[in-house]
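What's in entry.tsv: TSV, C-alpha atoms
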```
chain	number	residue	atom	x	y	z
A	45	MET	CA	12.96	8.49	-40.18
A	46	VAL	CA	13.21	12.19	-39.38
A	47	GLY	CA	9.89	13.51	-38.05
A	48	VAL	CA	8.43	16.75	-39.34
A	49	LEU	CA	8.36	18.06	-35.76
A	50	ASN	CA	12.14	18.44	-36.02
A	51	TRP	CA	11.98	21.00	-38.84
A	52	LEU	CA	11.91	23.97	-36.49
A	53	GLY	CA	15.44	23.68	-35.21
A	54	GLY	CA	18.47	21.62	-34.43
A	55	PRO	CA	20.31	19.40	-36.93
A	56	HIS	CA	17.19	18.62	-38.99
A	57	THR	CA	16.32	22.13	-40.17
A	58	ARG	CA	17.66	21.25	-43.64
A	59	VAL	CA	14.97	18.65	-44.35
A	60	TRP	CA	12.97	21.26	-46.28
A	61	GLN	CA	16.14	22.76	-47.78
A	62	SER	CA	17.17	19.48	-49.41
A	63	THR	CA	17.62	19.36	-53.19
A	64	LEU	CA	16.11	16.22	-54.71
A	65	GLY	CA	17.50	14.44	-57.74
A	66	PRO	CA	18.64	14.63	-60.42
A	67	LEU	CA	16.51	12.07	-62.24
A	68	ARG	CA	16.92	11.79	-66.00
A	69	THR	CA	13.96	11.72	-68.39
A	70	SER	CA	13.64	12.02	-72.16
A	71	ALA	CA	13.51	15.80	-71.69
A	72	GLY	CA	16.66	16.05	-69.56
A	73	ALA	CA	17.77	16.04	-65.93
A	74	VAL	CA	14.97	16.83	-63.44
A	75	THR	CA	15.81	18.32	-60.06
A	76	VAL	CA	13.52	19.52	-57.27
A	77	ARG	CA	14.92	22.27	-55.04
A	78	PRO	CA	13.59	24.73	-52.43
A	79	ILE	CA	12.10	28.03	-53.61
A	80	ARG	CA	14.40	31.06	-53.43
A	81	SER	CA	13.76	34.74	-52.89
A	82	ARG	CA	15.31	35.50	-56.29
A	83	ASP	CA	12.80	33.27	-58.14
A	84	GLY	CA	10.30	36.12	-58.51
A	85	ALA	CA	11.03	37.15	-62.09
A	86	ILE	CA	10.90	33.68	-63.62
A	87	TRP	CA	7.90	32.69	-61.46
A	88	SER	CA	5.98	35.72	-62.72
A	89	GLU	CA	6.98	35.13	-66.33
A	90	LEU	CA	6.00	31.46	-66.38
A	91	ARG	CA	2.77	31.84	-64.43
A	92	THR	CA	1.64	34.74	-66.62
A	93	ARG	CA	2.56	32.98	-69.87
A	94	ASN	CA	0.80	29.77	-68.77
A	95	GLU	CA	-2.49	31.41	-67.80
A	96	LYS	CA	-4.57	29.46	-70.34
A	97	THR	CA	-3.19	26.07	-69.27
A	98	LEU	CA	-3.36	26.77	-65.51
A	99	VAL	CA	-6.62	28.67	-64.97
A	100	PRO	CA	-8.90	25.63	-65.68
A	101	TRP	CA	-7.27	23.63	-62.86
A	102	GLU	CA	-6.27	26.09	-60.13
A	103	PRO	CA	-8.35	27.65	-57.30
A	104	THR	CA	-10.19	30.88	-58.02
A	105	GLY	CA	-8.30	33.92	-56.71
A	106	ILE	CA	-8.95	37.59	-56.01
A	107	GLY	CA	-8.14	39.95	-58.87
A	108	SER	CA	-6.98	39.14	-62.38
A	109	TRP	CA	-4.48	36.40	-63.14
A	110	VAL	CA	-1.89	38.96	-64.26
A	111	GLN	CA	-2.32	40.99	-61.07
A	112	ARG	CA	-1.97	37.91	-58.86
A	113	HIS	CA	1.21	36.86	-60.65
A	114	HIS	CA	2.95	40.20	-61.00
A	115	ARG	CA	6.56	40.01	-59.89
A	116	SER	CA	5.73	42.19	-56.87
A	117	GLN	CA	3.53	39.37	-55.51
A	118	TRP	CA	6.43	36.95	-55.18
A	119	GLY	CA	7.99	38.58	-52.11
A	120	PRO	CA	4.92	38.19	-49.86
A	121	LEU	CA	4.23	34.71	-51.26
A	122	TYR	CA	7.81	33.59	-50.72
A	123	SER	CA	7.79	34.89	-47.14
A	124	ALA	CA	4.51	33.11	-46.38
A	125	LEU	CA	5.66	29.81	-47.87
A	126	LYS	CA	9.02	29.97	-46.11
A	127	SER	CA	7.27	30.66	-42.80
A	128	GLU	CA	4.97	27.67	-43.31
A	129	ALA	CA	7.94	25.49	-44.25
A	130	ARG	CA	9.73	26.41	-41.04
A	131	ARG	CA	6.59	25.50	-39.10
A	132	GLY	CA	6.54	22.14	-40.83
A	133	THR	CA	3.20	22.50	-42.62
A	134	VAL	CA	4.34	23.07	-46.24
A	135	LEU	CA	7.21	21.99	-48.49
A	136	PRO	CA	7.48	24.52	-51.36
A	137	TYR	CA	9.76	23.46	-54.20
A	138	VAL	CA	10.81	24.50	-57.70
A	139	ILE	CA	11.06	21.92	-60.49
A	140	GLU	CA	14.15	22.40	-62.65
A	141	LEU	CA	15.05	20.86	-66.00
A	142	ASP	CA	18.78	20.94	-66.68
A	143	GLY	CA	19.02	23.73	-64.11
A	144	GLN	CA	16.16	25.78	-65.57
A	145	TYR	CA	13.04	26.67	-63.56
A	146	VAL	CA	10.10	24.98	-65.35
A	147	GLY	CA	7.46	24.54	-62.65
A	148	GLN	CA	6.71	23.96	-58.99
A	149	LEU	CA	5.98	21.08	-56.62
A	150	THR	CA	4.25	21.75	-53.30
A	151	VAL	CA	3.45	19.45	-50.39
A	152	GLY	CA	0.87	21.03	-48.09
A	153	ASN	CA	-1.39	20.54	-45.08
A	154	ILE	CA	1.22	18.30	-43.46
A	155	GLN	CA	-0.32	16.45	-40.55
A	156	ARG	CA	1.69	14.86	-37.76
A	157	GLY	CA	0.99	12.39	-35.00
A	158	ALA	CA	-1.05	9.29	-35.85
A	159	VAL	CA	-2.00	10.55	-39.35
A	160	ARG	CA	1.31	11.68	-40.89
A	161	SER	CA	-0.24	12.75	-44.18
A	162	ALA	CA	-0.22	15.65	-46.67
A	163	TRP	CA	-1.38	16.65	-50.15
A	164	ILE	CA	0.91	17.03	-53.15
A	165	GLY	CA	0.41	19.38	-56.10
A	166	TYR	CA	2.44	20.50	-59.12
A	167	TRP	CA	2.46	22.53	-62.32
A	168	ILE	CA	4.73	22.59	-65.36
A	169	ASP	CA	5.42	25.17	-68.06
A	170	SER	CA	3.39	24.17	-71.14
A	171	ASP	CA	6.53	24.39	-73.31
A	172	HIS	CA	7.78	21.32	-71.45
A	173	PHE	CA	4.69	19.13	-71.51
A	174	GLY	CA	5.15	15.49	-72.45
A	175	GLY	CA	8.75	14.98	-71.39
A	176	GLY	CA	8.10	13.11	-68.15
A	177	ILE	CA	9.20	16.08	-66.05
A	178	ALA	CA	6.17	16.23	-63.76
A	179	THR	CA	6.23	12.45	-63.25
A	180	ALA	CA	9.91	12.53	-62.25
A	181	ALA	CA	9.36	15.49	-59.93
A	182	VAL	CA	6.41	13.84	-58.19
A	183	ALA	CA	8.40	10.61	-57.74
A	184	LEU	CA	11.26	12.56	-56.15
A	185	GLY	CA	8.79	14.37	-53.90
A	186	VAL	CA	7.07	11.16	-52.86
A	187	ASP	CA	10.33	9.49	-51.87
A	188	HIS	CA	11.39	12.54	-49.87
A	189	CYS	CA	8.05	12.64	-48.04
A	190	PHE	CA	8.06	8.91	-47.28
A	191	GLY	CA	11.75	8.99	-46.40
A	192	ARG	CA	13.36	11.90	-44.56
A	193	VAL	CA	10.10	13.73	-43.83
A	194	GLY	CA	8.51	10.64	-42.30
A	195	LEU	CA	5.00	10.79	-43.82
A	196	HIS	CA	2.80	7.74	-44.34
A	197	ARG	CA	0.20	8.99	-46.85
A	198	LEU	CA	-0.04	11.52	-49.69
A	199	ASP	CA	-3.26	12.75	-51.32
A	200	ALA	CA	-3.80	14.52	-54.64
A	201	THR	CA	-7.03	15.93	-56.08
A	202	VAL	CA	-7.55	16.24	-59.85
A	203	GLN	CA	-10.52	17.26	-61.94
A	204	PRO	CA	-11.93	14.37	-64.01
A	205	ALA	CA	-11.17	16.26	-67.23
A	206	ASN	CA	-7.48	16.69	-66.36
A	207	GLU	CA	-6.31	13.41	-67.85
A	208	ALA	CA	-2.68	14.49	-68.14
A	209	SER	CA	-2.36	15.12	-64.41
A	210	GLN	CA	-4.12	11.85	-63.63
A	211	ALA	CA	-1.61	10.02	-65.82
A	212	VAL	CA	1.28	11.56	-63.88
A	213	LEU	CA	-0.12	10.30	-60.57
A	214	LYS	CA	-0.86	6.82	-61.89
A	215	LYS	CA	2.66	6.43	-63.26
A	216	VAL	CA	4.04	7.16	-59.79
A	217	GLY	CA	1.67	4.63	-58.19
A	218	PHE	CA	-1.24	6.71	-56.88
A	219	ARG	CA	-4.64	5.00	-56.81
A	220	THR	CA	-8.11	6.53	-57.16
A	221	GLU	CA	-10.14	6.53	-53.93
A	222	GLY	CA	-13.30	8.29	-55.03
A	223	LEU	CA	-15.04	11.41	-56.32
A	224	LEU	CA	-15.25	14.60	-54.27
A	225	GLU	CA	-18.35	16.40	-55.52
A	226	ARG	CA	-18.20	20.20	-55.80
A	227	TYR	CA	-14.91	20.04	-53.93
A	228	MET	CA	-13.15	23.24	-54.95
A	229	ASP	CA	-13.90	26.68	-56.41
A	230	VAL	CA	-11.92	26.62	-59.66
A	231	ASP	CA	-12.28	29.22	-62.40
A	232	SER	CA	-15.35	30.63	-60.58
A	233	ARG	CA	-17.27	27.35	-60.38
A	234	TRP	CA	-17.46	24.55	-57.82
A	235	ARG	CA	-15.73	21.61	-59.49
A	236	ASP	CA	-15.77	17.88	-58.82
A	237	HIS	CA	-12.36	16.33	-58.14
A	238	LEU	CA	-11.06	12.78	-58.12
A	239	LEU	CA	-9.19	11.86	-54.94
A	240	PHE	CA	-5.91	10.03	-55.51
A	241	ALA	CA	-3.86	8.57	-52.67
A	242	LEU	CA	-0.58	6.79	-52.03
A	243	THR	CA	0.73	5.20	-48.83
A	244	VAL	CA	4.09	3.75	-47.95
A	245	GLU	CA	2.66	0.23	-48.25
A	246	ASP	CA	1.66	0.86	-51.89
A	247	LEU	CA	5.30	1.03	-52.99
A	248	PRO	CA	7.42	-2.15	-53.01
A	249	GLY	CA	10.55	0.02	-52.98
A	250	THR	CA	10.69	3.71	-53.84
A	251	ALA	CA	8.75	5.73	-56.41
A	252	VAL	CA	11.97	6.60	-58.23
A	253	GLU	CA	13.04	2.94	-58.41
A	254	ALA	CA	9.65	2.00	-59.87
A	255	LEU	CA	9.96	4.78	-62.46
A	256	VAL	CA	13.43	3.62	-63.45
A	257	ARG	CA	12.28	-0.02	-63.74
A	258	SER	CA	9.45	1.10	-66.03
A	259	GLY	CA	11.95	2.78	-68.35
A	260	ARG	CA	10.43	6.24	-67.86
A	261	ALA	CA	13.51	7.62	-66.09
A	262	SER	CA	17.11	6.83	-65.23
A	263	TYR	CA	19.65	7.88	-62.64
```

The structure in this file should be written as structure tokens.
Amino acid sequence: MVGVLNWLGGPHTRVWQSTLGPLRTSAGAVTVRPIRSRDGAIWSELRTRNEKTLVPWEPTGIGSWVQRHHRSQWGPLYSALKSEARRGTVLPYVIELDGQYVGQLTVGNIQRGAVRSAWIGYWIDSDHFGGGIATAAVALGVDHCFGRVGLHRLDATVQPANEASQAVLKKVGFRTEGLLERYMDVDSRWRDHLLFALTVEDLPGTAVEALVRSGRASY
């Protein structure tokens, strides 16, 4: 396996730059690819349009939602994420459906050494809910993290009321480990979150293979 310490240079700098997929679902072909500097317009459009579906689940920020997701905010955000990716602490990806930007997948707080763990998070445009897109994207991300990136464990935190996100994680094989009380400031209140986890040993093969065997996706 390629260790995350190799991301900074040499022949392994393209670990973060890898495009994952495609994986076919009922909605179409799902691909996960690195963020690009030219993604600003579509990022702003989707984030602004999906305010009502995203605000209940995402961390509280400074300023209004529209201000935080104005197109002008993408440049600094892109630069920060790219810098973290080069340091090996974050993997920032775009989720595409048939080549169209429909959401994002991020792996963060990547730990090395004896832990080799990270968290995984995602969001999808509400116009594309229910097509298995998030599930396929998470499966692709899991296999990349447990494969080329060399991680051993992935965590995900979800509010108890967010049943749709919980279903995505369970379909990929994540298990519930417990309740984190008042874990995160979301929508201006400290919210409880369920902790989900997945380790290499939890998967008999790969997450994508398991999804294909279940009939939820195909190559």

Enumerate, in order of chain and increasing residue number, the residues of stretch 82-155 of chain A with an atom no farther than 10 Å from stretch 202-226 of chain A, each with its shortest atom pair and distance in Å to one decimal, counting all atoms listed in the file, as a Markdown table.
```
| residue | atom | partner | partner_atom | distance |
| --- | --- | --- | --- | --- |
| A:Pro100 | CA | A:Asn206 | CA | 9.1 |
| A:Trp101 | CA | A:Gln203 | CA | 7.2 |
| A:Glu102 | CA | A:Val202 | CA | 9.9 |
```

Distance in Å - atom CA of A:Leu135 versus atom CA of A:Gly152: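 The value is 6.4 Å.
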
Could you list, with a cut-off of 12 Å and counting only C-alpha atoms, the residues of stretch 62-99 of chain A near stretch 172-176 of chain A, each shown with its nearest atom pair and the distance in Å rounded to one decimal, rows sorted by chain and ascending number, as a Markdown table?
```
| residue | atom | partner | partner_atom | distance |
| --- | --- | --- | --- | --- |
| A:Leu67 | CA | A:Gly176 | CA | 10.3 |
| A:Arg68 | CA | A:Gly176 | CA | 9.2 |
| A:Thr69 | CA | A:Gly176 | CA | 6.0 |
| A:Ser70 | CA | A:Gly175 | CA | 5.8 |
| A:Ala71 | CA | A:Gly175 | CA | 4.8 |
| A:Gly72 | CA | A:Gly175 | CA | 8.2 |
| A:Ala73 | CA | A:Gly176 | CA | 10.3 |
| A:Val74 | CA | A:Gly176 | CA | 9.1 |
| A:Leu90 | CA | A:His172 | CA | 11.5 |
| A:Asn94 | CA | A:His172 | CA | 11.3 |
| A:Thr97 | CA | A:Phe173 | CA | 10.7 |
```

Test item: residues at most 7 Å from stretch 243-249 of chain A, all atoms listed in the file, excluding those fewer than 5 positions along its chain, as number ranges by chain: A: 190, 196-198

Gap from atom CA of A:His237 to atom CA of A:Cys189 - Å, one decimal: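 So the two atoms, atom CA of A:His237 and atom CA of A:Cys189, lie 23.1 Å apart.
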
Selected residue, from A:Leu195, A:Ala200, A:Val76, A:Val159, that lies nearest to A:Tyr145 when counting all atoms listed in the file: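 Of A:Leu195, A:Ala200, A:Val76, A:Val159, the one nearest A:Tyr145 is A:Val76, counting all atoms listed in the file.
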
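Closest approach to A:Gly147 among A:Leu121, A:Val256, A:Val110, A:Ile177 is made by A:Ile177 (distances from all atoms listed in the file).
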
Gap from atom CA of A:Gly191 to atom CA of A:Ile168 - Å, one decimal: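 Distance reported for this atom pair: 24.4 Å.
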
Quick one: axis-aligned box around all listed atoms of stretch 232-247 of chain A, 8 Å on every side, centre and edge lengths in Å to one decimal, written as AutoDock Vina command-line options.
```
--center_x -6.1 --center_y 15.4 --center_z -54.3 --size_x 38.8 --size_y 46.4 --size_z 28.6
```

Which of A:Ala85, A:Ile79, A:Ile106, A:Ala251 sits closest to A:Ala183 [using only C-alpha atoms]: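 Result for the nearest residue to A:Ala183: A:Ala251.
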
Long-range neighbours of A:Gln61 as a list in words, 12 Å cut-off, all atoms listed in the file, 4 positions minimum in chain: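 Once the nearby chain positions are removed, what remains is Trp51, His56, Thr57, Val76, Arg77, Pro78, Ile79, Arg80, Lys126, Ala129, Arg130, Gly132, Val134, Leu135, Pro136, Tyr137, Val138, His188, Arg192 and Val193 of chain A.
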
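Among A:Val252, A:Asp229, A:Asp169, A:Ala241, the residue with the shortest atom-to-atom distance to A:Leu98, counting all atoms listed in the file, is A:Asp169.
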
Residue nearest A:Pro120 - candidates A:Val151, A:Ser262, A:Asp187, A:Ser81, atoms counted: only C-alpha atoms: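 With only C-alpha atoms as the atom set, the closest residue is A:Ser81.
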